[in-house]
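Participant: Input structure: model39.csv, which contains CSV, C-alpha atoms and all ligand atoms.
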chain,number,residue,atom,x,y,z
K,1,MET,CA,4.8,39.0,-30.8
K,2,LYS,CA,5.6,38.5,-27.2
K,3,GLU,CA,9.0,39.7,-25.7
K,4,GLY,CA,11.7,37.1,-25.4
K,5,ARG,CA,11.8,33.5,-26.5
K,6,VAL,CA,10.7,30.3,-25.0
K,7,LEU,CA,13.0,27.3,-25.1
K,8,VAL,CA,11.2,24.0,-25.3
K,9,THR,CA,13.3,20.9,-24.5
K,10,GLY,CA,11.9,17.7,-25.8
K,11,ALA,CA,10.2,19.7,-28.5
K,12,ALA,CA,9.7,16.7,-30.9
K,13,GLY,CA,8.1,14.6,-28.1
K,14,TYR,CA,4.4,14.0,-27.5
K,15,ILE,CA,3.5,16.8,-25.2
K,16,GLY,CA,6.4,19.0,-26.3
K,17,SER,CA,5.3,19.1,-30.0
K,18,HIS,CA,1.7,20.1,-29.0
K,19,THR,CA,3.0,22.7,-26.7
K,20,VAL,CA,5.2,24.3,-29.4
K,21,VAL,CA,2.1,24.6,-31.6
K,22,GLU,CA,0.1,26.4,-28.8
K,23,LEU,CA,3.1,28.7,-28.0
K,24,VAL,CA,3.4,29.7,-31.6
K,25,ASN,CA,-0.4,30.2,-31.8
K,26,ALA,CA,-0.2,32.4,-28.8
K,27,GLY,CA,2.4,34.6,-30.4
K,28,TYR,CA,5.6,33.4,-28.7
K,29,GLU,CA,9.0,33.1,-30.4
K,30,VAL,CA,10.3,29.6,-29.6
K,31,VAL,CA,13.3,27.5,-30.0
K,32,GLY,CA,13.1,23.7,-29.7
K,33,VAL,CA,15.7,21.2,-28.8
K,34,ASP,CA,15.5,17.4,-28.9
K,35,ASN,CA,18.0,14.5,-29.2
K,36,PHE,CA,15.4,12.3,-31.0
K,37,SER,CA,16.1,9.5,-28.5
K,38,ASN,CA,12.4,8.8,-28.3
K,39,SER,CA,10.9,11.1,-31.0
K,40,SER,CA,11.1,11.8,-34.7
K,41,PRO,CA,12.0,14.8,-36.8
K,42,ASP,CA,8.7,14.2,-38.6
K,43,MET,CA,7.0,15.9,-35.6
K,44,LEU,CA,8.9,19.1,-36.4
K,45,LYS,CA,7.5,18.9,-40.0
K,46,GLY,CA,4.0,18.4,-38.5
K,47,ILE,CA,4.4,21.5,-36.2
K,48,GLU,CA,5.6,23.6,-39.2
K,49,ARG,CA,2.6,22.4,-41.3
K,50,ILE,CA,0.2,23.2,-38.6
K,51,THR,CA,1.6,26.7,-37.7
K,52,GLY,CA,2.8,27.6,-41.2
K,53,LYS,CA,6.0,28.8,-39.6
K,54,ARG,CA,9.6,27.7,-39.5
K,55,ILE,CA,10.4,26.5,-36.0
K,56,PRO,CA,14.0,27.3,-34.8
K,57,PHE,CA,15.4,24.0,-33.7
K,58,MET,CA,18.7,22.4,-32.5
K,59,GLU,CA,19.3,18.7,-32.3
K,60,LEU,CA,21.2,18.2,-29.0
K,61,ASP,CA,21.2,16.3,-25.7
K,62,CYS,CA,20.4,18.3,-22.6
K,63,SER,CA,22.5,15.9,-20.5
K,64,ASP,CA,25.6,17.2,-22.3
K,65,ARG,CA,26.2,20.6,-20.8
K,66,THR,CA,28.5,21.8,-23.6
K,67,GLN,CA,26.0,20.9,-26.3
K,68,PHE,CA,23.1,22.3,-24.3
K,69,ALA,CA,24.9,25.6,-23.7
K,70,LYS,CA,25.0,26.2,-27.5
K,71,VAL,CA,21.3,26.9,-27.6
K,72,PHE,CA,21.7,29.8,-25.1
K,73,GLU,CA,24.7,31.1,-27.1
K,74,GLN,CA,22.7,31.0,-30.3
K,75,TYR,CA,19.5,32.4,-28.8
K,76,PRO,CA,20.5,34.9,-26.1
K,77,ASP,CA,16.9,36.2,-26.0
K,78,ILE,CA,15.5,33.1,-24.2
K,79,THR,CA,13.6,34.3,-21.2
K,80,ALA,CA,11.7,31.1,-20.2
K,81,SER,CA,12.1,27.3,-20.7
K,82,ILE,CA,9.7,24.5,-20.7
K,83,HIS,CA,11.5,21.3,-19.8
K,84,PHE,CA,10.1,18.1,-21.2
K,85,ALA,CA,13.3,16.3,-22.2
K,86,ALA,CA,13.5,13.2,-20.1
K,87,CYS,CA,13.4,9.4,-20.2
K,88,LYS,CA,9.8,8.3,-19.3
K,89,ALA,CA,9.5,4.5,-19.4
K,90,VAL,CA,8.5,3.3,-16.0
K,91,GLY,CA,9.5,-0.4,-16.5
K,92,GLU,CA,12.8,0.5,-18.1
K,93,SER,CA,13.6,2.8,-15.2
K,94,VAL,CA,13.3,-0.1,-12.8
K,95,ARG,CA,15.8,-2.1,-14.8
K,96,GLN,CA,18.1,0.8,-15.6
K,97,PRO,CA,17.8,3.3,-12.7
K,98,LEU,CA,21.2,4.9,-13.4
K,99,LYS,CA,20.2,5.9,-16.9
K,100,TYR,CA,17.2,7.7,-15.4
K,101,PHE,CA,19.0,9.4,-12.6
K,102,GLU,CA,21.9,10.4,-14.9
K,103,ASN,CA,19.8,11.7,-17.7
K,104,ASN,CA,16.7,13.2,-16.0
K,105,LEU,CA,18.6,14.9,-13.2
K,106,SER,CA,21.6,16.1,-15.2
K,107,SER,CA,19.4,17.6,-17.9
K,108,LEU,CA,17.5,19.7,-15.3
K,109,LEU,CA,20.7,20.7,-13.4
K,110,HIS,CA,22.2,22.0,-16.7
K,111,LEU,CA,19.0,23.9,-17.5
K,112,ILE,CA,19.1,25.6,-14.1
K,113,GLU,CA,22.8,26.3,-14.3
K,114,LEU,CA,22.5,27.8,-17.7
K,115,SER,CA,19.4,29.8,-16.7
K,116,VAL,CA,20.8,31.4,-13.6
K,117,GLU,CA,23.9,32.5,-15.5
K,118,ASP,CA,21.8,35.3,-17.0
K,119,SER,CA,19.0,37.0,-15.0
K,120,ARG,CA,16.9,37.5,-18.1
K,121,ARG,CA,16.4,33.7,-18.3
K,122,ARG,CA,14.0,33.8,-15.3
K,123,GLY,CA,11.3,31.2,-16.0
K,124,ILE,CA,11.3,27.4,-15.9
K,125,VAL,CA,8.2,25.4,-16.4
K,126,PHE,CA,8.8,21.8,-15.3
K,127,SER,CA,7.0,18.7,-16.7
K,128,SER,CA,6.1,16.7,-13.6
K,129,SER,CA,3.5,14.0,-13.0
K,130,CYS,CA,0.7,12.9,-10.7
K,131,THR,CA,2.9,9.9,-10.1
K,132,VAL,CA,4.4,11.9,-7.2
K,133,TYR,CA,1.1,11.3,-5.3
K,134,GLY,CA,1.4,7.5,-5.5
K,135,GLU,CA,-1.9,5.9,-4.5
K,136,PRO,CA,-3.8,8.8,-2.9
K,137,ASP,CA,-5.6,8.1,0.3
K,138,PRO,CA,-9.4,8.1,-0.3
K,139,GLU,CA,-9.9,11.4,1.7
K,140,ASN,CA,-7.4,13.0,-0.7
K,141,LEU,CA,-9.6,12.4,-3.8
K,142,PRO,CA,-9.8,14.4,-6.0
K,143,VAL,CA,-6.1,15.2,-5.5
K,144,ARG,CA,-5.1,18.7,-4.6
K,145,GLU,CA,-1.6,20.1,-4.9
K,146,ASP,CA,-1.1,19.9,-1.1
K,147,ALA,CA,-1.9,16.2,-0.9
K,148,PRO,CA,1.1,14.3,0.5
K,149,VAL,CA,3.9,13.2,-1.9
K,150,LYS,CA,4.3,9.4,-1.4
K,151,PRO,CA,7.5,7.4,-1.8
K,152,ALA,CA,8.0,6.8,-5.6
K,153,THR,CA,7.2,3.4,-6.9
K,154,SER,CA,9.8,3.6,-9.7
K,155,PRO,CA,13.1,5.4,-10.4
K,156,TYR,CA,11.2,7.3,-13.1
K,157,GLY,CA,8.7,8.7,-10.5
K,158,ARG,CA,11.6,9.4,-8.2
K,159,THR,CA,13.3,11.6,-10.8
K,160,LYS,CA,10.1,13.7,-11.0
K,161,GLN,CA,10.1,14.1,-7.2
K,162,MET,CA,13.8,14.8,-6.9
K,163,ASN,CA,13.6,17.3,-9.7
K,164,GLU,CA,10.8,19.2,-8.0
K,165,GLU,CA,12.9,19.3,-4.8
K,166,ILE,CA,16.0,20.5,-6.7
K,167,LEU,CA,13.9,23.3,-8.3
K,168,ARG,CA,12.4,24.3,-4.9
K,169,ASP,CA,15.9,24.7,-3.4
K,170,CYS,CA,17.2,26.6,-6.4
K,171,VAL,CA,14.5,29.3,-6.4
K,172,ASN,CA,15.5,30.0,-2.8
K,173,ALA,CA,19.2,30.3,-3.7
K,174,TYR,CA,18.7,32.2,-7.1
K,175,PRO,CA,16.5,35.2,-6.8
K,176,SER,CA,16.1,35.6,-10.6
K,177,LEU,CA,14.5,32.2,-10.9
K,178,ASN,CA,10.7,31.6,-11.2
K,179,VAL,CA,9.5,28.0,-11.4
K,180,ILE,CA,6.2,26.2,-12.1
K,181,ALA,CA,5.9,22.5,-11.8
K,182,LEU,CA,3.0,21.0,-13.7
K,183,ARG,CA,1.8,17.7,-12.5
K,184,TYR,CA,0.0,15.9,-15.4
K,185,PHE,CA,-2.6,13.3,-15.0
K,186,ASN,CA,-3.1,11.0,-18.1
K,187,PRO,CA,-2.5,12.9,-21.3
K,188,ILE,CA,-4.2,11.4,-24.4
K,189,GLY,CA,-5.3,12.3,-27.9
K,190,ALA,CA,-3.6,14.1,-30.8
K,191,HIS,CA,-3.8,17.4,-32.6
K,192,PRO,CA,-7.0,17.7,-34.6
K,193,SER,CA,-5.0,18.1,-37.8
K,194,ALA,CA,-3.6,14.5,-37.2
K,195,LEU,CA,-0.2,15.9,-38.2
K,196,ILE,CA,1.3,15.3,-34.7
K,197,GLY,CA,0.5,12.8,-32.0
K,198,GLU,CA,1.9,10.1,-29.7
K,199,MET,CA,4.5,7.8,-31.2
K,200,PRO,CA,5.2,4.9,-28.9
K,201,LEU,CA,8.2,2.7,-29.7
K,202,GLY,CA,7.4,-1.0,-29.8
K,203,VAL,CA,4.4,-2.4,-27.9
K,204,PRO,CA,2.6,0.5,-26.3
K,205,GLN,CA,2.5,0.5,-22.5
K,206,ASN,CA,-0.2,3.2,-22.2
K,207,LEU,CA,-3.9,2.5,-22.6
K,208,VAL,CA,-4.9,4.8,-25.5
K,209,PRO,CA,-2.1,3.9,-27.9
K,210,TYR,CA,-2.8,0.3,-27.2
K,211,ILE,CA,-6.5,0.9,-27.9
K,212,THR,CA,-5.9,2.7,-31.2
K,213,GLN,CA,-3.3,0.1,-32.3
K,214,THR,CA,-5.8,-2.7,-31.5
K,215,ALA,CA,-8.5,-0.9,-33.5
K,216,ALA,CA,-6.0,-0.6,-36.4
K,217,GLY,CA,-5.5,-4.4,-36.3
K,218,ILE,CA,-1.8,-4.2,-35.2
K,219,ARG,CA,-2.6,-5.8,-31.8
K,220,LYS,CA,-5.0,-8.7,-31.5
K,221,GLU,CA,-6.9,-7.5,-28.5
K,222,LEU,CA,-6.7,-5.1,-25.6
K,223,LYS,CA,-6.0,-6.7,-22.3
K,224,ILE,CA,-7.7,-4.8,-19.5
K,225,PHE,CA,-5.4,-5.2,-16.5
K,226,GLY,CA,-7.7,-6.3,-13.7
K,227,ASN,CA,-11.5,-6.1,-13.2
K,228,ASP,CA,-11.5,-6.9,-9.5
K,229,TYR,CA,-10.4,-3.6,-8.1
K,230,PRO,CA,-12.6,-1.8,-5.5
K,231,THR,CA,-14.2,0.6,-8.1
K,232,PRO,CA,-17.7,0.6,-9.5
K,233,ASP,CA,-16.9,-1.6,-12.5
K,234,GLY,CA,-13.8,-3.2,-11.0
K,235,THR,CA,-11.3,-1.5,-13.4
K,236,CYS,CA,-8.8,1.3,-12.5
K,237,ILE,CA,-9.8,4.9,-12.6
K,238,ARG,CA,-7.7,7.7,-14.1
K,239,ASP,CA,-8.1,11.4,-15.1
K,240,TYR,CA,-7.5,11.5,-18.9
K,241,ILE,CA,-6.6,14.9,-20.2
K,242,TYR,CA,-6.5,16.0,-23.8
K,243,VAL,CA,-2.9,16.8,-24.9
K,244,CYS,CA,-4.0,20.1,-26.6
K,245,ASP,CA,-5.7,21.3,-23.4
K,246,LEU,CA,-2.5,20.3,-21.5
K,247,ALA,CA,-0.4,22.2,-24.0
K,248,LYS,CA,-2.5,25.3,-23.5
K,249,ALA,CA,-1.8,25.1,-19.7
K,250,HIS,CA,1.9,25.4,-20.5
K,251,VAL,CA,1.3,28.6,-22.4
K,252,ALA,CA,-0.5,30.0,-19.3
K,253,ALA,CA,2.3,28.8,-17.1
K,254,VAL,CA,4.9,30.5,-19.2
K,255,ALA,CA,3.0,33.8,-18.9
K,256,LYS,CA,2.9,33.4,-15.2
K,257,VAL,CA,6.6,32.6,-14.6
K,258,LEU,CA,7.4,35.7,-16.7
K,259,GLU,CA,5.0,37.9,-14.7
K,260,ASP,CA,6.6,40.8,-12.8
K,261,GLY,CA,6.0,40.7,-9.1
K,262,ASN,CA,5.1,37.0,-9.1
K,263,ASN,CA,5.8,36.2,-5.4
K,264,ASP,CA,5.2,32.5,-5.4
K,265,ARG,CA,8.4,31.6,-7.1
K,266,PHE,CA,8.0,27.8,-6.8
K,267,ASP,CA,4.5,26.9,-7.7
K,268,ILE,CA,2.8,23.6,-8.4
K,269,PHE,CA,-0.4,23.0,-10.5
K,270,ASN,CA,-2.3,19.8,-11.1
K,271,LEU,CA,-3.4,19.4,-14.7
K,272,GLY,CA,-6.4,17.2,-15.2
K,273,THR,CA,-10.1,17.4,-16.0
K,274,GLY,CA,-11.3,16.8,-12.5
K,275,THR,CA,-13.2,13.7,-13.6
K,276,GLY,CA,-12.1,10.1,-13.2
K,277,LEU,CA,-13.0,7.5,-15.8
K,278,SER,CA,-12.5,3.7,-15.5
K,279,VAL,CA,-10.6,1.7,-18.1
K,280,LEU,CA,-13.9,0.1,-19.2
K,281,GLU,CA,-15.7,3.5,-19.4
K,282,LEU,CA,-12.8,4.8,-21.6
K,283,VAL,CA,-13.0,1.7,-23.8
K,284,ASN,CA,-16.8,2.2,-24.2
K,285,HIS,CA,-16.3,5.9,-25.1
K,286,PHE,CA,-13.8,4.9,-27.8
K,287,ILE,CA,-16.2,2.3,-29.3
K,288,LYS,CA,-19.1,4.8,-29.2
K,289,ALA,CA,-17.1,7.8,-30.5
K,290,THR,CA,-15.4,6.0,-33.4
K,291,GLY,CA,-17.8,3.2,-34.2
K,292,VAL,CA,-14.8,0.9,-34.5
K,293,ASN,CA,-14.7,-2.7,-33.3
K,294,LEU,CA,-12.4,-3.1,-30.3
K,295,PRO,CA,-11.7,-6.6,-29.2
K,296,TYR,CA,-10.8,-6.7,-25.5
K,297,SER,CA,-10.7,-9.1,-22.6
K,298,PHE,CA,-9.9,-8.9,-18.9
K,299,GLY,CA,-6.6,-10.1,-17.7
K,300,PRO,CA,-4.7,-10.0,-14.4
K,301,ARG,CA,-3.8,-6.8,-12.6
K,302,ARG,CA,-0.6,-5.0,-13.7
K,303,GLU,CA,2.0,-4.8,-11.0
K,304,GLY,CA,2.4,-1.4,-9.4
K,305,ASP,CA,-0.9,0.0,-10.8
K,306,ILE,CA,-2.7,2.6,-8.8
K,307,VAL,CA,-6.4,1.9,-8.2
K,308,LYS,CA,-7.9,5.3,-8.6
K,309,VAL,CA,-6.6,8.8,-9.0
K,310,TRP,CA,-8.0,12.0,-10.4
K,311,ALA,CA,-7.2,15.7,-10.1
K,312,ASP,CA,-8.7,18.6,-8.4
K,313,PRO,CA,-7.7,21.2,-11.1
K,314,ALA,CA,-9.3,24.2,-9.2
K,315,LYS,CA,-6.0,25.9,-8.6
K,316,ALA,CA,-5.0,25.8,-12.2
K,317,ASN,CA,-8.5,26.8,-13.3
K,318,LYS,CA,-8.4,29.9,-11.0
K,319,GLU,CA,-4.7,31.0,-11.1
K,320,LEU,CA,-3.8,30.0,-14.7
K,321,GLY,CA,-7.2,30.9,-16.1
K,322,TRP,CA,-7.2,27.5,-17.8
K,323,LYS,CA,-9.6,24.6,-18.0
K,324,ALA,CA,-9.5,21.2,-19.7
K,325,ASP,CA,-12.8,21.2,-21.4
K,326,THR,CA,-12.6,19.0,-24.6
K,327,PRO,CA,-15.1,16.2,-24.5
K,328,VAL,CA,-13.5,12.8,-24.1
K,329,ASP,CA,-15.3,11.5,-27.3
K,330,ASP,CA,-13.6,14.2,-29.4
K,331,VAL,CA,-10.3,13.4,-27.7
K,332,LEU,CA,-10.6,9.7,-28.6
K,333,ARG,CA,-11.6,10.5,-32.1
K,334,SER,CA,-8.5,12.6,-32.4
K,335,ALA,CA,-6.4,9.7,-31.2
K,336,TRP,CA,-8.0,7.4,-33.7
K,337,ALA,CA,-7.6,9.9,-36.6
K,338,TRP,CA,-3.9,10.1,-35.8
K,339,GLU,CA,-3.5,6.3,-35.6
K,340,LYS,CA,-5.2,6.0,-39.0
K,341,LYS,CA,-2.9,8.7,-40.5
K,342,VAL,CA,0.2,7.0,-39.2
K,343,ARG,CA,-0.9,3.6,-40.5
K,344,GLY,CA,-2.3,4.9,-43.8
K,345,ILE,CA,-5.8,3.6,-43.1
K,346,GLU,CA,-8.6,5.0,-45.3
G,1,LIG,N1,-4.3,-0.4,-19.0
G,1,LIG,C1,-4.9,-1.6,-19.4
G,1,LIG,N2,-4.4,-2.3,-20.5
G,1,LIG,C2,-3.3,-1.8,-21.2
G,1,LIG,C3,-2.7,-0.6,-20.8
G,1,LIG,C4,-3.2,0.1,-19.7
G,1,LIG,O1,-5.8,-2.1,-18.9
G,1,LIG,O2,-2.8,-2.4,-22.2
G,1,LIG,C5,-4.8,0.2,-17.8
G,1,LIG,C6,-3.8,0.4,-16.7
G,1,LIG,O3,-3.9,-0.8,-15.9
G,1,LIG,C7,-4.3,1.6,-16.0
G,1,LIG,C8,-4.9,2.5,-17.1
G,1,LIG,O4,-5.1,1.6,-18.2
G,1,LIG,O5,-5.4,1.3,-15.1
G,1,LIG,C9,-4.0,3.6,-17.6
G,1,LIG,O6,-2.7,3.0,-17.8
G,1,LIG,P1,-1.6,3.9,-18.5
G,1,LIG,O7,-0.3,3.0,-18.5
G,1,LIG,O8,-2.0,4.5,-19.7
G,1,LIG,O9,-1.3,5.1,-17.4
G,1,LIG,P2,-0.9,5.0,-15.9
G,1,LIG,O10,-0.9,3.6,-15.4
G,1,LIG,O11,0.5,5.6,-15.9
G,1,LIG,O12,-1.8,5.9,-15.2
Starting from the file, lay out its structure as structure tokens.
Ligand code: UDP
Facilitator:
Amino acid sequence: MKEGRVLVTGAAGYIGSHTVVELVNAGYEVVGVDNFSNSSPDMLKGIERITGKRIPFMELDCSDRTQFAKVFEQYPDITASIHFAACKAVGESVRQPLKYFENNLSSLLHLIELSVEDSRRRGIVFSSSCTVYGEPDPENLPVREDAPVKPATSPYGRTKQMNEEILRDCVNAYPSLNVIALRYFNPIGAHPSALIGEMPLGVPQNLVPYITQTAAGIRKELKIFGNDYPTPDGTCIRDYIYVCDLAKAHVAAVAKVLEDGNNDRFDIFNLGTGTGLSVLELVNHFIKATGVNLPYSFGPRREGDIVKVWADPAKANKELGWKADTPVDDVLRSAWAWEKKVRGIE
């Protein structure tokens, strides 16, 4: 067992749940918190079945400081936190910006306040996003961490940018604090056990849940948003990263924020595969990997979509000793296995 305990906020969420599994596998003591605003207690059962361990957990809202403080009272051995808990629907954030600023900023502020109260709580790993880069200029592809941060295109994206800035200022002011911001590209797939995975509420906005729901017959067909983009096949390009690979990067980041003599106290890493795939390529991978029929057609562009973005993950490869190397066909099969499990297919 490792020394100390890792707090995971948003532990029942998509990336949070996979990360708890990898932390436990790596020998960390954890405690999870979640308010289940966009997640289900079933995920905790899934984590416990996968790991064979009881996961310490508290149902609470990080935007309520009094509630949040209770986890630190109950678990005084917390040395690092991974902060996933946040609202994440881009469209909703445009309609309800105050909800996003209020929740996403206050939760992080409380985490920082409660962390700097006790110098043992020295590490924070923050869940950020490649959305901070906006539409990268062509000379900045693949995107490195030093590519310019562009004005956010949604309040959701702005909360990620603002939270990174808040953390940057706070490490300067509080010498006990060590922070790593992880900028994710497009996380997809599910744990190979099919016991945890992504659980979108209502009509999925993201590509892979829409694909798997269409394959399951819940949606009539996939609409590919635009095939007249300046890309080889006319559809947008993204860097799709397997959620279990992504989860492992968090384990490496926790080890790094807890390292003694870590001088770079606010550090940023891109988490992606380094390879861009078009929507059409991804769809064809899905059909080939699963053998399932996937009705699709081309529709108009989606407003606000970025044409092409993929990561240069060299810094994370080198400094975190981590690489996303699961083949995309395996990843898509895992997403399909999870969808079938949820729907009771086969
Ligand atoms: N996409 C699509 N049809 C859908 C959902 C998404 O064609 O029903 C496309 C979308 O235009 C984008 C890519 O799939 O080019 C990834 O979209 P997603 O929302 O998953 O991620 P993001 O846009 O945040 O990168």
Participant: Could I get the residue neighbourhood of ligand LIG 1 (chain G) at 10 Å, counting all atoms listed in the file, as a ChimeraX atom specification?
Facilitator: /K:89-90,129-131,185-188,203-211,214,221-227,229,235-240,277-280,282-283,296-310
Participant: Between CA of Leu271 in chain K and CA of Ala215 in chain K, what distance in Å does the model show, to one decimal?
Facilitator: 28.1 Å
Participant: When distances are computed from only C-alpha atoms, which of K:Glu281, K:Glu59, K:Asp264, K:Glu135 shows the smallest separation from Pro232 in chain K?
Facilitator: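 Closest to Pro232 in chain K, using only C-alpha atoms: K:Glu281.
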Participant: Any idea what the distance is between CA of Phe57 in chain K and CA of Ile78 in chain K?
Facilitator: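 These atoms are spaced 13.2 Å apart.
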Participant: Can I get the residues of range 79-152 of chain K within 9 Å of range 4-15 of chain K, each with the closest pair of atoms and their distance in Å to one decimal, using all atoms listed in the file, sorted chain first then ascending number, as a tab-separated table?
Facilitator:
residue	atom	partner	partner_atom	distance
K:Thr79	CA	K:Gly4	CA	5.4
K:Ala80	CA	K:Val6	CA	5.0
K:Ser81	CA	K:Leu7	CA	4.5
K:Ile82	CA	K:Val8	CA	4.9
K:His83	CA	K:Thr9	CA	5.0
K:Phe84	CA	K:Gly10	CA	5.0
K:Ala85	CA	K:Gly10	CA	4.1
K:Ala86	CA	K:Gly10	CA	7.4
K:Arg120	CA	K:Gly4	CA	9.0
Participant: Please identify all polymer residues within 9 Å of Trp322 in chain K, counting all atoms listed in the file, omitting same-chain residues fewer than 5 positions from it, and present them as JSON, numbers by chain.
Facilitator: {"K": [245, 248, 249, 252, 316, 317]}
Participant: May I have the selected residues written with C-alpha atoms, as a PDB file, in the frame of the given file?
Facilitator:
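Final output, selection38.pdb:
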ATOM      1  CA  ASP K 245      -5.700  21.300 -23.400  1.00  0.00           C
ATOM      2  CA  LYS K 248      -2.500  25.300 -23.500  1.00  0.00           C
ATOM      3  CA  ALA K 249      -1.800  25.100 -19.700  1.00  0.00           C
ATOM      4  CA  ALA K 252      -0.500  30.000 -19.300  1.00  0.00           C
ATOM      5  CA  ALA K 316      -5.000  25.800 -12.200  1.00  0.00           C
ATOM      6  CA  ASN K 317      -8.500  26.800 -13.300  1.00  0.00           C
TER       7      ASN K 317
END
Participant: What is the distance between CA of Asn104 in chain K and CA of Arg265 in chain K, in Å to one decimal?
Facilitator: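 Pair CA of Asn104 in chain K / CA of Arg265 in chain K returns 22.1 Å.
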Participant: Can you pull out the residues contacting Glu164 in chain K? Cut-off 9 Å, using all atoms listed in the file, and skip same-chain residues under 3 positions away; I want them as a ChimeraX atom specification.
Facilitator: /K:126,128,159-161,167-169,181
Participant: Which residue gives the smallest distance to Asp312 in chain K among K:Gly16, K:Gly276, K:Gly52, K:Gly234, with only C-alpha atoms counted?
Facilitator: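 Looking at the shortest contact to Asp312 in chain K, the residue is K:Gly276.
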Participant: Which of these residues is nearest to Ala253 in chain K, using all atoms listed in the file: K:Gly91, K:Gly27, K:Gly123, K:Pro41?
Facilitator: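 The answer is K:Gly123, which sits nearest to Ala253 in chain K.
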Participant: With distances taken over all atoms listed in the file, which residue among K:Arg158, K:Arg54, K:Arg65, K:His191 lies nearest Leu111 in chain K?
Facilitator: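 Smallest distance to Leu111 in chain K is found for K:Arg65.
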